[in-house]
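The structure under discussion appears below in the form of structure tokens.
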Amino acid sequence: MTMSDTPTTRTVRAVASLEPGGVEASSSFQDVEIVLGPLGEHDLLVEVRAVSVNPIDLKTRIAFDKATAPKVLGYDAAGVVLEIGTAVTAFAVGDEVYYAGTLVRQGTNAEQHLVDERIVGHKPTSLSFAEAAAVPLTTITAWETLFDRMRLTPDSSGTLLVMGGAGGVGSMVTQLARQLTQVTVIATASREESHEWAQKMGAHHVVDHHHLKDEVMSVAPAGVNHIFSAFSTGNEQVYSEIMPVHGEVVAIDGPKGFDVGPLKARAQTWHWESMFARPLFDPTSTAQRELLDEASRLFDAGVLKTTLTRTLQGLNANTLREAHAQVEGSTMVGKLVVEF
């Protein structure tokens, strides 16, 4: 199919700015047909085969302005290229791709989707579409955290604390750090299921975040050099106490009442990571395409594993509603994918 043949696509829109728990309302999602925008010169038109649901999907659903509703959600996707823009150089029609999208374009919860080729990677051949859709956003976030923010190298040592070791991003931070550096990885997990998952991802040690200081210091008496933080609110003081001089934190959340004062005495550093920064503010960069292509090679070599743990079938309002409800339940290990 081409853009001229099919100017519309079937999609699912969120039709209400629902607070947590409200996703089960029967009217929260709606099956609709929408008009696709014009194919830009760097765009790919992708037939979407699978999408994953991330915490950012829930935050977007909850936070969007009611005046702008309804809204097509979705970031992660895997699919097949149907058409390419005139300036596209890295892809051809028929290529299998995976990517994490951007904040400023239509979401991926659609049968067809337009995306800039510069943030798209070639799908790992060893992974199914569902397995591939589980990993782009979390892989980019983890890769940028470790290698752009923390500037780790294959020879880096020291100790890394991964907060939320069973989560999507935490799972990829653990895998990448364990496989591509020499650091000792300590992951947090509280339930038996999440503890086992963090170990499966490669953590050297797993501790309970409810007793963070005592448990971290018991396995790393000298403290941790690096902290990946997905849950920062109220943790500034304990982070400072478990890091040595010049330790560093990379956070991906938006903590409330945030105060970096405790870090000052030990000359510690707080970084922010947002995988959407490059597409928004450096749109000509091909760094994320290159990153995803390198990750694809690592998946195909067996160095990295997909984090897919749950799959739902069908692009429709009921399935998306169920997917959001499951992720919202805060008991997820790994990633949930909706396969079309």
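How things are named: the first chain in the structure tokens is A, the next is B, and so on; residues count from 1 in each chain; ligands count from 1 in the order shown.
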Write out as a PyMOL selection string each polymer residue whose atoms come within 10 Å of A:Thr11, counting only C-alpha atoms; drop sequence neighbours fewer than 5 positions from it. chain A and resi 30-34+72-73+107-113+315-317
Polymer residues at most 9 Å from A:Leu180, only C-alpha atoms, same-chain spacing of 6 or more positions, as a list of chain:residue names: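 Contacts, in chain order: A:Thr153, A:Pro154, A:Asp155.
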Output N, CA and C atoms of each residue in that selection to a file, as a PDB file, in the first residue's frame.
ATOM      1  N   THR A 153      32.884   2.863  29.773  1.00  0.00           N
ATOM      2  CA  THR A 153      33.575   2.237  28.648  1.00  0.00           C
ATOM      3  C   THR A 153      33.705   0.738  28.941  1.00  0.00           C
ATOM      4  N   PRO A 154      34.189  -0.044  27.962  1.00  0.00           N
ATOM      5  CA  PRO A 154      34.389  -1.471  28.230  1.00  0.00           C
ATOM      6  C   PRO A 154      35.343  -1.749  29.388  1.00  0.00           C
ATOM      7  N   ASP A 155      36.194  -0.788  29.719  1.00  0.00           N
ATOM      8  CA  ASP A 155      37.165  -0.983  30.801  1.00  0.00           C
ATOM      9  C   ASP A 155      36.699  -0.408  32.130  1.00  0.00           C
TER      10      ASP A 155
END
Tell me which of A:Val93, A:Ala187, A:Ala134, A:Val238 sits closest to A:Lys213, counting only C-alpha atoms. A:Val238
To one decimal in Å, tell me the separation between atom CA of A:Leu103 and atom CA of A:Leu304.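 Atom-to-atom, atom CA of A:Leu103 and atom CA of A:Leu304 are spaced 26.7 Å apart.
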If we count only C-alpha atoms, what is near A:Pro221 at a cut-off of 12 Å, once residues fewer than 2 positions away on the same chain are taken out, given as a short mmCIF file (atom, residue, chain, number, x, y, z; two decimals) with N, CA and C atoms, in the first residue's frame?
data_model
loop_
_atom_site.label_atom_id
_atom_site.label_comp_id
_atom_site.auth_asym_id
_atom_site.auth_seq_id
_atom_site.Cartn_x
_atom_site.Cartn_y
_atom_site.Cartn_z
N THR A 159 31.09 0.34 40.90
CA THR A 159 29.82 -0.28 41.25
C THR A 159 28.66 0.58 40.77
N LYS A 213 19.93 1.68 52.17
CA LYS A 213 21.28 1.99 52.67
C LYS A 213 21.94 0.77 53.28
N ASP A 214 21.25 0.10 54.20
CA ASP A 214 21.85 -1.05 54.89
C ASP A 214 22.20 -2.17 53.91
N GLU A 215 21.29 -2.46 52.98
CA GLU A 215 21.54 -3.58 52.08
C GLU A 215 22.61 -3.27 51.03
N VAL A 216 22.64 -2.03 50.54
CA VAL A 216 23.69 -1.66 49.58
C VAL A 216 25.05 -1.70 50.25
N MET A 217 25.15 -1.11 51.45
CA MET A 217 26.45 -1.06 52.11
C MET A 217 26.92 -2.44 52.55
N SER A 218 25.99 -3.38 52.70
CA SER A 218 26.40 -4.74 53.08
C SER A 218 27.11 -5.46 51.94
N VAL A 219 26.76 -5.11 50.69
CA VAL A 219 27.43 -5.75 49.55
C VAL A 219 28.45 -4.84 48.89
N GLY A 223 30.64 1.87 49.01
CA GLY A 223 29.62 2.67 48.33
C GLY A 223 29.53 2.35 46.85
N VAL A 224 28.56 2.97 46.19
CA VAL A 224 28.34 2.76 44.76
C VAL A 224 28.77 4.01 44.00
N ASN A 225 29.47 3.83 42.91
CA ASN A 225 29.98 4.97 42.13
C ASN A 225 28.91 5.60 41.26
N GLU A 241 24.49 9.35 50.72
CA GLU A 241 25.15 8.59 51.77
C GLU A 241 25.76 7.28 51.26
N ILE A 242 25.21 6.72 50.19
CA ILE A 242 25.74 5.44 49.69
C ILE A 242 26.72 5.62 48.54
N MET A 243 26.99 6.88 48.15
CA MET A 243 27.99 7.15 47.11
C MET A 243 29.24 7.76 47.73
N PRO A 244 30.42 7.46 47.18
CA PRO A 244 31.64 8.12 47.62
C PRO A 244 31.75 9.51 47.00
#
Write out as a PDB file with C-alpha atoms, in the first residue's frame the residues lying within 10 Å of A:Gln326, counting only C-alpha atoms and excluding same-chain residues fewer than 4 positions away.
ATOM      1  CA  VAL A  23      -8.330   3.305  32.629  1.00  0.00           C
ATOM      2  CA  VAL A  53       3.212  -0.018  26.647  1.00  0.00           C
ATOM      3  CA  ARG A 310       3.439 -10.478  28.434  1.00  0.00           C
ATOM      4  CA  LEU A 320      -5.194  -1.131  24.844  1.00  0.00           C
ATOM      5  CA  ARG A 321      -7.395  -0.563  27.880  1.00  0.00           C
ATOM      6  CA  GLU A 322      -6.299  -3.920  29.318  1.00  0.00           C
ATOM      7  CA  SER A 330       2.878  -1.722  39.273  1.00  0.00           C
ATOM      8  CA  THR A 331       3.518  -5.468  39.414  1.00  0.00           C
ATOM      9  CA  MET A 332       5.033  -5.744  35.940  1.00  0.00           C
ATOM     10  CA  LEU A 336       4.077  -5.882  27.943  1.00  0.00           C
TER      11      LEU A 336
END
